[in-house]
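> See final-v4.txt below, with compact mmCIF, C-alpha atoms.
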```txt
# COMPACT_ATOMS: atom_id res chain seq x y z
CA MET A 26 -248.03 172.01 39.65
CA ALA A 27 -249.00 175.63 39.26
CA LYS A 28 -251.55 176.99 36.85
CA ILE A 29 -250.59 180.22 35.15
CA LYS A 30 -251.89 182.30 32.28
CA LEU A 31 -249.25 182.76 29.61
CA ASN A 32 -250.19 185.22 26.87
CA GLY A 33 -253.85 184.63 27.65
CA LYS A 34 -253.58 180.80 27.59
CA ASN A 35 -253.94 178.60 30.65
CA ILE A 36 -250.91 176.38 31.12
CA SER A 37 -249.57 174.18 33.88
CA ILE A 38 -245.97 174.39 35.00
CA LEU A 39 -243.91 172.93 37.81
CA GLU A 40 -244.09 174.98 40.93
CA ASP A 41 -241.22 177.42 41.43
CA THR A 42 -240.39 177.60 37.73
CA SER A 43 -238.36 180.73 37.11
CA LEU A 44 -239.08 183.07 34.23
CA LEU A 45 -235.76 182.03 32.74
CA SER A 46 -236.76 178.34 32.82
CA LEU A 47 -240.09 179.24 31.26
CA LEU A 48 -238.23 180.89 28.36
CA GLU A 49 -235.96 177.87 28.02
CA LYS A 50 -238.97 175.56 27.97
CA TYR A 51 -240.37 177.45 24.99
CA LYS A 52 -236.94 178.01 23.41
CA ILE A 53 -237.26 181.77 23.46
CA ASP A 54 -234.23 184.06 23.30
CA ARG A 55 -234.47 186.37 26.27
CA LYS A 56 -232.67 189.12 24.43
CA LYS A 57 -235.56 189.48 22.02
CA ILE A 58 -238.48 189.65 24.37
CA ALA A 59 -239.91 191.51 27.35
CA ILE A 60 -241.98 190.10 30.17
CA GLU A 61 -244.80 191.51 32.20
CA LEU A 62 -245.75 189.56 35.33
CA ASN A 63 -249.14 190.40 36.83
CA GLY A 64 -249.09 193.75 35.07
CA LYS A 65 -245.56 194.72 36.06
CA ILE A 66 -242.49 194.63 33.85
CA VAL A 67 -239.75 192.28 35.04
CA GLN A 68 -236.22 193.38 34.17
CA LYS A 69 -234.14 190.90 32.24
CA ASN A 70 -231.60 190.50 35.02
CA ARG A 71 -234.43 189.36 37.32
CA PHE A 72 -235.65 186.51 35.08
CA GLN A 73 -233.58 183.91 36.89
CA LYS A 74 -234.68 184.97 40.34
CA THR A 75 -238.35 185.48 39.60
CA PHE A 76 -240.40 182.37 40.34
CA LEU A 77 -243.91 181.73 39.15
CA LYS A 78 -246.80 181.06 41.48
CA ASN A 79 -250.27 179.65 40.96
CA MET A 80 -252.60 182.10 39.15
CA ASP A 81 -249.79 184.31 37.85
CA ARG A 82 -250.43 186.16 34.61
CA VAL A 83 -247.45 186.35 32.28
CA GLU A 84 -247.26 188.43 29.13
CA LEU A 85 -244.39 187.61 26.81
CA VAL A 86 -243.97 190.12 24.00
CA HIS A 87 -241.64 190.76 21.10
CA PHE A 88 -241.37 193.00 18.07
CA ILE A 89 -243.36 192.13 14.99
CA GLY A 90 -243.89 193.92 11.69
CA GLY A 91 -245.86 197.11 12.03
CA GLY A 92 -246.27 200.55 10.53
CA MET B 16 -223.46 218.85 1.07
CA SER B 17 -224.43 217.27 4.35
CA ASP B 18 -228.17 217.18 4.77
CA GLU B 19 -229.07 214.65 7.38
CA LEU B 20 -232.26 214.10 9.28
CA ILE B 21 -231.68 214.94 12.93
CA ILE B 22 -234.06 213.63 15.58
CA SER B 23 -233.22 214.31 19.23
CA LYS B 24 -229.62 215.19 18.31
CA LYS B 25 -229.09 211.90 16.48
CA LYS B 26 -228.33 211.96 12.75
CA TYR B 27 -229.92 209.66 10.20
CA LYS B 28 -228.83 209.20 6.59
CA SER B 29 -232.25 208.58 5.13
CA ARG B 30 -235.35 210.75 5.32
CA LEU B 31 -237.51 207.76 4.50
CA ILE B 32 -238.75 205.72 7.43
CA ILE B 33 -240.51 202.51 6.56
CA GLY B 34 -242.97 200.31 8.37
CA THR B 35 -242.44 196.56 8.56
CA GLY B 36 -246.07 195.43 8.57
CA LYS B 37 -248.07 193.59 5.90
CA TYR B 38 -245.19 192.00 4.00
CA LYS B 39 -245.54 188.43 2.71
CA ASN B 40 -242.70 187.20 4.87
CA PHE B 41 -239.61 188.35 6.75
CA THR B 42 -237.33 187.84 3.74
CA GLU B 43 -239.44 190.28 1.74
CA THR B 44 -239.44 192.71 4.67
CA ALA B 45 -235.65 192.56 4.89
CA LYS B 46 -235.25 193.14 1.14
CA ALA B 47 -237.66 196.08 1.18
CA ILE B 48 -235.75 197.66 4.06
CA LYS B 49 -232.48 197.27 2.18
CA GLU B 50 -233.84 198.79 -1.03
CA SER B 51 -235.43 201.70 0.80
CA GLY B 52 -232.12 202.79 2.29
CA ALA B 53 -234.03 203.57 5.49
CA ASP B 54 -232.09 203.56 8.72
CA ILE B 55 -235.22 203.72 10.87
CA VAL B 56 -237.97 201.12 10.61
CA THR B 57 -241.09 200.90 12.73
CA VAL B 58 -242.08 197.74 14.61
CA ALA B 59 -245.09 196.76 16.68
CA VAL B 60 -245.12 195.06 20.08
CA ARG B 61 -247.20 191.88 20.30
CA ARG B 62 -247.47 188.64 22.23
CA VAL B 63 -245.03 185.88 21.28
CA ASN B 64 -246.92 182.98 19.72
CA ILE B 65 -245.86 180.32 22.20
CA THR B 66 -247.44 177.44 20.28
CA ASP B 67 -245.50 178.23 17.08
CA LYS B 68 -242.57 175.79 17.09
CA LYS B 69 -240.47 177.76 14.58
CA LYS B 70 -240.79 181.04 16.44
CA GLU B 71 -239.09 183.07 13.76
CA MET B 72 -238.79 186.63 14.83
CA LEU B 73 -238.66 189.78 12.74
CA THR B 74 -235.56 190.81 14.65
CA ASP B 75 -233.74 187.73 13.28
CA TYR B 76 -233.95 189.41 9.87
CA ILE B 77 -232.95 192.95 10.74
CA ASP B 78 -229.40 193.99 11.56
CA THR B 79 -230.12 196.25 14.49
CA LYS B 80 -226.56 197.55 14.43
CA LYS B 81 -227.35 199.26 11.13
CA ILE B 82 -231.09 199.74 11.36
CA ASN B 83 -232.80 201.56 14.21
CA LEU B 84 -236.01 199.93 15.35
CA LEU B 85 -238.73 202.41 16.15
CA PRO B 86 -241.31 200.70 18.39
CA ASN B 87 -244.84 201.94 17.83
CA THR B 88 -248.10 201.72 19.71
CA ALA B 89 -250.26 200.71 16.78
CA GLY B 90 -253.58 199.34 17.94
CA CYS B 91 -253.65 201.32 21.20
CA PHE B 92 -256.81 203.31 21.81
CA ASN B 93 -255.91 205.07 25.05
CA SER B 94 -252.87 206.50 26.74
CA ASP B 95 -252.53 203.68 29.30
CA GLU B 96 -252.32 201.01 26.60
CA ALA B 97 -249.75 203.08 24.72
CA LEU B 98 -247.63 203.63 27.83
CA ARG B 99 -247.72 199.93 28.70
CA THR B 100 -246.63 199.02 25.17
CA LEU B 101 -243.73 201.46 25.03
CA ARG B 102 -242.45 200.59 28.49
CA LEU B 103 -242.30 196.96 27.36
CA ALA B 104 -240.56 198.02 24.15
CA ARG B 105 -237.95 199.88 26.12
CA GLU B 106 -237.38 196.86 28.33
CA MET B 107 -236.86 194.71 25.26
CA GLY B 108 -233.78 196.49 24.05
CA GLY B 109 -233.34 199.78 25.76
CA TRP B 110 -235.02 201.82 23.02
CA ARG B 111 -235.75 205.35 23.96
CA LEU B 112 -236.80 206.63 20.55
CA VAL B 113 -240.40 205.53 20.07
CA LYS B 114 -243.41 206.30 17.94
CA LEU B 115 -246.55 207.14 19.84
CA GLU B 116 -249.81 206.49 18.10
CA VAL B 117 -253.09 206.55 20.01
CA LEU B 118 -256.06 205.86 17.82
CA GLY B 119 -259.48 207.34 18.34
CA ASP B 120 -261.68 205.85 15.68
CA LYS B 121 -261.67 202.28 14.38
CA LYS B 122 -262.96 203.14 10.93
CA THR B 123 -260.69 206.01 9.99
CA LEU B 124 -257.87 205.23 12.45
CA TYR B 125 -257.74 208.93 13.21
CA PRO B 126 -255.61 209.72 16.25
CA ASN B 127 -257.19 210.55 19.59
CA MET B 128 -255.27 213.74 20.32
CA VAL B 129 -256.51 214.13 23.89
CA GLU B 130 -255.05 210.73 24.82
CA THR B 131 -251.99 211.36 22.64
CA LEU B 132 -251.13 214.58 24.48
CA LYS B 133 -251.63 212.83 27.81
CA ALA B 134 -249.30 209.97 26.86
CA THR B 135 -246.66 212.29 25.37
CA LYS B 136 -246.40 214.16 28.65
CA VAL B 137 -245.79 210.97 30.65
CA LEU B 138 -243.36 209.47 28.14
CA VAL B 139 -241.22 212.60 27.97
CA LYS B 140 -241.10 212.66 31.76
CA GLU B 141 -239.96 209.02 31.75
CA GLY B 142 -237.08 209.87 29.42
CA PHE B 143 -238.50 208.60 26.14
CA LYS B 144 -237.76 210.38 22.87
CA VAL B 145 -241.22 210.49 21.40
CA MET B 146 -242.15 210.84 17.77
CA VAL B 147 -245.86 211.49 17.72
CA TYR B 148 -248.46 210.52 15.15
CA CYS B 149 -251.02 213.32 15.07
CA THR B 150 -253.68 215.14 13.13
CA ASP B 151 -252.52 217.76 10.63
CA ASP B 152 -253.49 220.52 13.03
CA LEU B 153 -251.06 223.29 13.89
CA ILE B 154 -252.32 223.72 17.44
CA MET B 155 -251.84 220.02 18.15
CA THR B 156 -248.32 219.93 16.72
CA LYS B 157 -247.40 223.03 18.70
CA GLN B 158 -248.74 221.54 21.91
CA LEU B 159 -246.83 218.30 21.29
CA GLU B 160 -243.71 220.34 20.72
CA ASP B 161 -244.27 222.23 23.97
CA LEU B 162 -244.66 218.92 25.80
CA GLY B 163 -241.24 217.84 24.51
CA ALA B 164 -242.03 215.64 21.50
CA SER B 165 -238.92 214.77 19.48
CA ALA B 166 -240.80 214.87 16.18
CA VAL B 167 -244.36 215.45 15.06
CA MET B 168 -245.90 213.07 12.55
CA PRO B 169 -249.02 214.55 11.01
CA LEU B 170 -251.12 212.26 8.86
CA ALA B 171 -251.39 212.83 5.11
CA SER B 172 -254.70 210.91 5.06
CA PRO B 173 -256.06 207.94 7.03
CA ILE B 174 -253.60 205.12 7.83
CA GLY B 175 -253.42 202.58 5.04
CA SER B 176 -255.80 204.55 2.81
CA GLY B 177 -253.23 205.46 0.18
CA GLN B 178 -255.06 208.71 -0.52
CA GLY B 179 -251.95 210.86 -0.41
CA ILE B 180 -251.75 214.35 1.07
CA LEU B 181 -255.27 215.70 1.51
CA ASN B 182 -254.39 219.05 3.05
CA LYS B 183 -251.19 220.59 1.73
CA ILE B 184 -252.01 223.95 3.28
CA ASN B 185 -252.26 222.53 6.81
CA LEU B 186 -249.05 220.62 6.31
CA SER B 187 -247.23 223.72 5.05
CA ILE B 188 -248.45 225.75 8.01
CA ILE B 189 -247.19 223.07 10.41
CA ILE B 190 -243.82 222.88 8.65
CA GLU B 191 -243.45 226.66 8.64
CA GLN B 192 -243.87 226.90 12.40
CA ALA B 193 -242.35 223.65 13.63
CA LYS B 194 -239.19 223.60 15.73
CA VAL B 195 -238.91 219.80 15.68
CA PRO B 196 -238.79 217.54 12.62
CA VAL B 197 -242.08 217.11 10.77
CA ILE B 198 -242.47 213.62 9.38
CA VAL B 199 -245.52 212.83 7.33
CA ASP B 200 -247.02 209.60 8.53
CA ALA B 201 -249.97 207.67 7.17
CA GLY B 202 -251.88 207.83 3.92
CA ILE B 203 -248.98 208.03 1.48
CA GLY B 204 -250.07 205.97 -1.55
CA THR B 205 -247.35 206.32 -4.11
CA PRO B 206 -243.86 207.86 -4.45
CA SER B 207 -245.21 211.12 -5.91
CA ASP B 208 -247.11 211.69 -2.62
CA ALA B 209 -243.88 211.30 -0.68
CA CYS B 210 -242.09 213.58 -3.12
CA ILE B 211 -244.75 216.28 -2.64
CA ALA B 212 -244.41 216.01 1.14
CA MET B 213 -240.66 216.51 0.83
CA GLU B 214 -241.05 219.39 -1.64
CA LEU B 215 -243.32 221.10 0.87
CA GLY B 216 -240.45 220.96 3.34
CA CYS B 217 -241.22 217.94 5.48
CA ASP B 218 -238.17 216.51 7.20
CA GLY B 219 -239.11 212.96 6.41
CA VAL B 220 -241.81 210.54 5.37
CA LEU B 221 -243.03 207.29 6.90
CA VAL B 222 -244.37 204.68 4.49
CA ASN B 223 -245.67 201.17 5.05
CA SER B 224 -248.74 200.03 3.08
CA ALA B 225 -247.73 201.79 -0.15
CA ILE B 226 -244.62 199.63 -0.28
CA ALA B 227 -245.91 196.40 1.26
CA TYR B 228 -249.10 196.34 -0.85
CA ALA B 229 -247.38 197.09 -4.15
CA LYS B 230 -247.27 194.13 -6.55
CA ASN B 231 -243.51 194.42 -6.39
CA PRO B 232 -242.70 195.78 -2.94
CA ILE B 233 -238.94 195.63 -3.44
CA LEU B 234 -239.02 197.79 -6.57
CA MET B 235 -241.54 200.13 -4.96
CA SER B 236 -239.28 200.49 -1.97
CA SER B 237 -236.47 201.73 -4.17
CA ALA B 238 -238.93 204.07 -5.97
CA PHE B 239 -239.80 205.62 -2.61
CA LYS B 240 -236.14 206.05 -1.80
CA ASP B 241 -235.63 208.02 -5.02
CA SER B 242 -238.79 210.09 -4.58
CA VAL B 243 -237.84 211.22 -1.08
CA VAL B 244 -234.34 212.16 -2.24
CA ALA B 245 -235.77 214.03 -5.25
CA GLY B 246 -238.35 215.86 -3.15
CA ARG B 247 -235.74 216.93 -0.62
CA LYS B 248 -233.41 218.19 -3.33
CA ALA B 249 -236.30 220.10 -4.93
CA PHE B 250 -237.16 221.70 -1.58
CA LEU B 251 -233.56 222.77 -1.00
CA SER B 252 -233.35 224.11 -4.58
CA LYS B 253 -236.37 226.37 -4.01
CA ARG B 254 -238.76 225.97 -6.90
CA MET B 255 -239.63 228.56 -9.57
CA LYS B 256 -242.59 230.84 -9.15
CA LYS B 257 -245.86 229.78 -10.73
CA ASN B 258 -247.10 232.06 -13.53
CA PHE B 259 -250.61 232.39 -14.78
CA PHE B 260 -249.57 232.74 -18.43
CA GLY B 261 -246.91 231.04 -20.48
CA ILE B 262 -243.36 232.39 -20.56
CA ALA B 263 -241.20 231.16 -23.44
CA SER B 264 -237.94 229.47 -22.58
CA SER B 265 -236.24 230.39 -25.87
CA PRO B 266 -235.31 234.06 -26.51
CA ARG B 267 -237.31 236.10 -29.02
CA GLU B 268 -234.22 237.81 -30.44
CA GLY B 269 -232.89 236.39 -33.65
CA ILE B 270 -236.13 234.71 -34.65
CA ILE B 271 -236.00 233.97 -38.37
```
Translate the structure described by the file into structure tokens.


Amino acid sequence: MAKIKLNGKNISILEDTSLLSLLEKYKIDRKKIAIELNGKIVQKNRFQKTFLKNMDRVELVHFIGGG
Amino acid sequence: MSDELIISKKKYKSRLIIGTGKYKNFTETAKAIKESGADIVTVAVRRVNITDKKKEMLTDYIDTKKINLLPNTAGCFNSDEALRTLRLAREMGGWRLVKLEVLGDKKTLYPNMVETLKATKVLVKEGFKVMVYCTDDLIMTKQLEDLGASAVMPLASPIGSGQGILNKINLSIIIEQAKVPVIVDAGIGTPSDACIAMELGCDGVLVNSAIAYAKNPILMSSAFKDSVVAGRKAFLSKRMKKNFFGIASSPREGII
């Protein structure tokens, strides 16, 4: 197991989970979000090939209502 | 007569831009957008709530083929936060047209222009088309223009205050000298405020709270649509001169 921080929350995931699998786990449409891994943006076409390690920090953002 | 709003060479039908914050739910947001006739709506970038099972997203309710999303940097208090937010926004859907807003004061939500100028410079260099929320200060709008801003968005009064246009003179001076669209952002309280902005010659108006906080946001949204159209027509018509004394409309000849 690997411990990561997802949107500020500590969670445990299987080691070598890809960003794409993480999205699938939470049923999130990848078209509607953007991901920052340890402070760096990961392009959508890299989600499948980017694997999470222990202590990684993931920010998962989307658009919400705003002025 | 064709009279479209043009920002960075792209044409928009409506001169009213609306915000999507503070509505009761997404259905109400969608209805308000429809009634407003806006083809640009602002959105904020925030964390996905991973524990929410439903995970409804605003973008499920907006037809992005018809409506242009304008990502903003609301809540950012320095240029680094704003840059981070807009880079993420661009990654989300390839948006290049963005609204930069760097706040400087929590109470008044006045923009921090030093940080705003800094961020504008970087964003333009990175290929963003930046519409910039700013103070109603001619020197600031000119500097933003020189840095390559696609539009300047001077405030009418503090964000969400609903106080309307507090300094018409400043706004007129900005409009008179601007080479990019001037869009009044923040502080509009009611359709007459938007109408005045348009009569002064603004290219557009951005409204959020005044619609979302109305008792009937849908009806208010359509009122704003009409007021912006009326104000624009009045500006193009060039108003009559003001006179100190009364001048009768009916002729004196033939009085019985």

> Taking all atoms of region 76-80 of chain A that appear in the file, build a box with edges along x, y and z, extend it by 8 Å on every side, and state its centre and edge lengths in Å to one decimal, as lines of an AutoDock Vina configuration file.


```
center_x = -246.5
center_y = 181.0
center_z = 40.3
size_x = 28.2
size_y = 18.7
size_z = 18.3
```

> Report, in Å with one decimal, the straight-line distance from CA of Val117 (chain B) to CA of Gln192 (chain B).

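Interatomic distance, CA of Val117 (chain B) to CA of Gln192 (chain B): 23.6 Å.
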
> Please check the contacts: residues of chain B at most 7 Å away from chain A, using only C-alpha atoms, listed as a PyMOL selection string.

chain B and resi 34-36+57-63+65+73+103+106-107+223

> Contacts of Phe76 (chain A) at 6 Å or less, counting all atoms listed in the file, minus same-chain residues fewer than 4 places along, as a list in words?

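In the requested format, the answer is Asp41, Thr42 and Ser43 of chain A.
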
> Record the distance separating CA of Cys217 (chain B) and CA of Asn87 (chain B), expressed in Å with one decimal.

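It comes out at 20.5 Å.
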
> My list of candidates is B:Leu84, B:Ala209, B:Val113, B:Leu162. Which is closest to Leu101 (chain B) when distances are computed with only C-alpha atoms?

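Between B:Leu84, B:Ala209, B:Val113, B:Leu162, the residue approaching Leu101 (chain B) most closely is B:Val113.
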
> What gap, in Å, lies between CA of Phe143 (chain B) and CA of Ala225 (chain B)?

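For CA of Phe143 (chain B) relative to CA of Ala225 (chain B), the distance reads 28.7 Å.
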
> I'd like the contact shell of region 120-127 of chain B - 12 Å cut-off, only C-alpha atoms, skipping same-chain residues fewer than 6 positions apart - returned as a short mmCIF file (atom, residue, chain, number, x, y, z; two decimals) with C-alpha atoms, in the coordinates of the input.


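Final output, part_22.cif:
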```
data_model
loop_
_atom_site.label_atom_id
_atom_site.label_comp_id
_atom_site.auth_asym_id
_atom_site.auth_seq_id
_atom_site.Cartn_x
_atom_site.Cartn_y
_atom_site.Cartn_z
CA THR B 88 -248.10 201.72 19.71
CA ALA B 89 -250.26 200.71 16.78
CA GLY B 90 -253.58 199.34 17.94
CA CYS B 91 -253.65 201.32 21.20
CA PHE B 92 -256.81 203.31 21.81
CA ASN B 93 -255.91 205.07 25.05
CA SER B 94 -252.87 206.50 26.74
CA ALA B 97 -249.75 203.08 24.72
CA LYS B 133 -251.63 212.83 27.81
CA ALA B 134 -249.30 209.97 26.86
CA VAL B 147 -245.86 211.49 17.72
CA TYR B 148 -248.46 210.52 15.15
CA CYS B 149 -251.02 213.32 15.07
CA THR B 150 -253.68 215.14 13.13
CA ASP B 151 -252.52 217.76 10.63
CA ASP B 152 -253.49 220.52 13.03
CA MET B 155 -251.84 220.02 18.15
CA MET B 168 -245.90 213.07 12.55
CA PRO B 169 -249.02 214.55 11.01
CA LEU B 170 -251.12 212.26 8.86
CA ALA B 171 -251.39 212.83 5.11
CA SER B 172 -254.70 210.91 5.06
CA PRO B 173 -256.06 207.94 7.03
CA ILE B 174 -253.60 205.12 7.83
CA GLY B 175 -253.42 202.58 5.04
CA SER B 176 -255.80 204.55 2.81
CA ASP B 200 -247.02 209.60 8.53
CA ALA B 201 -249.97 207.67 7.17
CA GLY B 202 -251.88 207.83 3.92
#
```

> Any chance you could turn region 36-142 of chain B into a file with C-alpha atoms, as an mmCIF file, in the first residue's frame?


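The resulting result24.cif:
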```cif
data_model
loop_
_atom_site.group_PDB
_atom_site.id
_atom_site.type_symbol
_atom_site.label_atom_id
_atom_site.label_comp_id
_atom_site.auth_asym_id
_atom_site.auth_seq_id
_atom_site.Cartn_x
_atom_site.Cartn_y
_atom_site.Cartn_z
ATOM 1 C CA GLY B 36 -21.370 31.486 -8.410
ATOM 2 C CA LYS B 37 -23.889 31.684 -5.558
ATOM 3 C CA TYR B 38 -26.863 30.073 -7.294
ATOM 4 C CA LYS B 39 -29.094 27.674 -5.348
ATOM 5 C CA ASN B 40 -28.230 24.773 -7.622
ATOM 6 C CA PHE B 41 -26.932 23.931 -11.083
ATOM 7 C CA THR B 42 -30.416 23.897 -12.618
ATOM 8 C CA GLU B 43 -30.930 27.492 -11.532
ATOM 9 C CA THR B 44 -27.473 28.400 -12.847
ATOM 10 C CA ALA B 45 -28.276 26.858 -16.223
ATOM 11 C CA LYS B 46 -31.614 28.693 -16.451
ATOM 12 C CA ALA B 47 -30.026 32.012 -15.513
ATOM 13 C CA ILE B 48 -27.367 31.554 -18.191
ATOM 14 C CA LYS B 49 -30.038 30.815 -20.785
ATOM 15 C CA GLU B 50 -32.141 33.857 -19.865
ATOM 16 C CA SER B 51 -29.137 36.161 -19.837
ATOM 17 C CA GLY B 52 -28.260 35.344 -23.434
ATOM 18 C CA ALA B 53 -24.604 35.406 -22.367
ATOM 19 C CA ASP B 54 -22.150 33.447 -24.442
ATOM 20 C CA ILE B 55 -19.345 33.824 -21.910
ATOM 21 C CA VAL B 56 -19.721 32.681 -18.306
ATOM 22 C CA THR B 57 -17.070 32.743 -15.618
ATOM 23 C CA VAL B 58 -16.121 29.672 -13.588
ATOM 24 C CA ALA B 59 -13.781 29.067 -10.679
ATOM 25 C CA VAL B 60 -11.209 26.298 -10.283
ATOM 26 C CA ARG B 61 -11.504 24.238 -7.101
ATOM 27 C CA ARG B 62 -10.721 20.812 -5.693
ATOM 28 C CA VAL B 63 -13.084 17.987 -6.640
ATOM 29 C CA ASN B 64 -14.958 16.807 -3.566
ATOM 30 C CA ILE B 65 -13.821 13.199 -3.654
ATOM 31 C CA THR B 66 -16.095 12.065 -0.831
ATOM 32 C CA ASP B 67 -19.252 13.312 -2.580
ATOM 33 C CA LYS B 68 -20.767 10.220 -4.206
ATOM 34 C CA LYS B 69 -22.957 12.148 -6.665
ATOM 35 C CA LYS B 70 -20.127 14.314 -7.944
ATOM 36 C CA GLU B 71 -22.356 16.498 -10.058
ATOM 37 C CA MET B 72 -20.308 18.991 -11.927
ATOM 38 C CA LEU B 73 -21.235 22.450 -13.155
ATOM 39 C CA THR B 74 -19.945 21.484 -16.576
ATOM 40 C CA ASP B 75 -22.649 18.772 -16.779
ATOM 41 C CA TYR B 76 -25.171 21.619 -16.944
ATOM 42 C CA ILE B 77 -23.487 23.934 -19.430
ATOM 43 C CA ASP B 78 -23.307 23.251 -23.144
ATOM 44 C CA THR B 79 -19.725 24.262 -23.743
ATOM 45 C CA LYS B 80 -20.262 24.146 -27.497
ATOM 46 C CA LYS B 81 -22.525 27.177 -27.163
ATOM 47 C CA ILE B 82 -21.217 28.807 -24.010
ATOM 48 C CA ASN B 83 -17.601 29.830 -23.526
ATOM 49 C CA LEU B 84 -16.277 29.111 -20.065
ATOM 50 C CA LEU B 85 -14.057 31.855 -18.734
ATOM 51 C CA PRO B 86 -11.915 30.425 -15.914
ATOM 52 C CA ASN B 87 -11.135 32.933 -13.194
ATOM 53 C CA THR B 88 -8.662 33.141 -10.355
ATOM 54 C CA ALA B 89 -11.119 34.203 -7.677
ATOM 55 C CA GLY B 90 -9.660 33.733 -4.229
ATOM 56 C CA CYS B 91 -6.036 34.157 -5.325
ATOM 57 C CA PHE B 92 -4.042 36.709 -3.373
ATOM 58 C CA ASN B 93 -0.749 36.611 -5.259
ATOM 59 C CA SER B 94 0.484 36.091 -8.768
ATOM 60 C CA ASP B 95 1.841 32.572 -8.155
ATOM 61 C CA GLU B 96 -1.541 31.297 -6.946
ATOM 62 C CA ALA B 97 -3.239 32.896 -9.950
ATOM 63 C CA LEU B 98 -0.753 31.394 -12.404
ATOM 64 C CA ARG B 99 -1.128 27.941 -10.861
ATOM 65 C CA THR B 100 -4.917 28.177 -11.106
ATOM 66 C CA LEU B 101 -4.993 29.288 -14.730
ATOM 67 C CA ARG B 102 -2.436 26.732 -15.874
ATOM 68 C CA LEU B 103 -4.674 24.045 -14.367
ATOM 69 C CA ALA B 104 -7.703 25.612 -16.053
ATOM 70 C CA ARG B 105 -5.961 25.498 -19.393
ATOM 71 C CA GLU B 106 -5.060 21.857 -18.865
ATOM 72 C CA MET B 107 -8.688 21.062 -18.122
ATOM 73 C CA GLY B 108 -9.995 21.970 -21.522
ATOM 74 C CA GLY B 109 -7.489 23.943 -23.468
ATOM 75 C CA TRP B 110 -8.914 27.340 -22.533
ATOM 76 C CA ARG B 111 -6.734 30.229 -23.447
ATOM 77 C CA LEU B 112 -9.176 33.021 -22.689
ATOM 78 C CA VAL B 113 -9.058 33.538 -18.931
ATOM 79 C CA LYS B 114 -10.000 36.091 -16.323
ATOM 80 C CA LEU B 115 -7.198 37.150 -14.031
ATOM 81 C CA GLU B 116 -8.174 38.425 -10.638
ATOM 82 C CA VAL B 117 -5.586 38.874 -7.908
ATOM 83 C CA LEU B 118 -7.059 40.188 -4.710
ATOM 84 C CA GLY B 119 -5.237 42.441 -2.303
ATOM 85 C CA ASP B 120 -7.594 42.994 0.576
ATOM 86 C CA LYS B 121 -9.931 40.469 2.203
ATOM 87 C CA LYS B 122 -12.473 43.020 3.360
ATOM 88 C CA THR B 123 -12.984 45.033 0.199
ATOM 89 C CA LEU B 124 -11.706 42.409 -2.269
ATOM 90 C CA TYR B 125 -9.862 45.205 -4.014
ATOM 91 C CA PRO B 126 -7.365 43.936 -6.572
ATOM 92 C CA ASN B 127 -3.648 43.871 -5.846
ATOM 93 C CA MET B 128 -2.450 45.619 -8.979
ATOM 94 C CA VAL B 129 1.256 44.979 -8.392
ATOM 95 C CA GLU B 130 0.640 41.213 -8.386
ATOM 96 C CA THR B 131 -1.917 41.536 -11.180
ATOM 97 C CA LEU B 132 0.580 43.243 -13.493
ATOM 98 C CA LYS B 133 3.182 40.614 -12.649
ATOM 99 C CA ALA B 134 0.812 37.741 -13.455
ATOM 100 C CA THR B 135 -0.469 39.381 -16.655
ATOM 101 C CA LYS B 136 3.058 39.584 -18.014
ATOM 102 C CA VAL B 137 3.706 35.870 -17.433
ATOM 103 C CA LEU B 138 0.321 34.737 -18.735
ATOM 104 C CA VAL B 139 0.625 36.716 -21.963
ATOM 105 C CA LYS B 140 4.071 35.225 -22.483
ATOM 106 C CA GLU B 141 2.611 31.739 -21.991
ATOM 107 C CA GLY B 142 0.031 32.375 -24.700
#
```
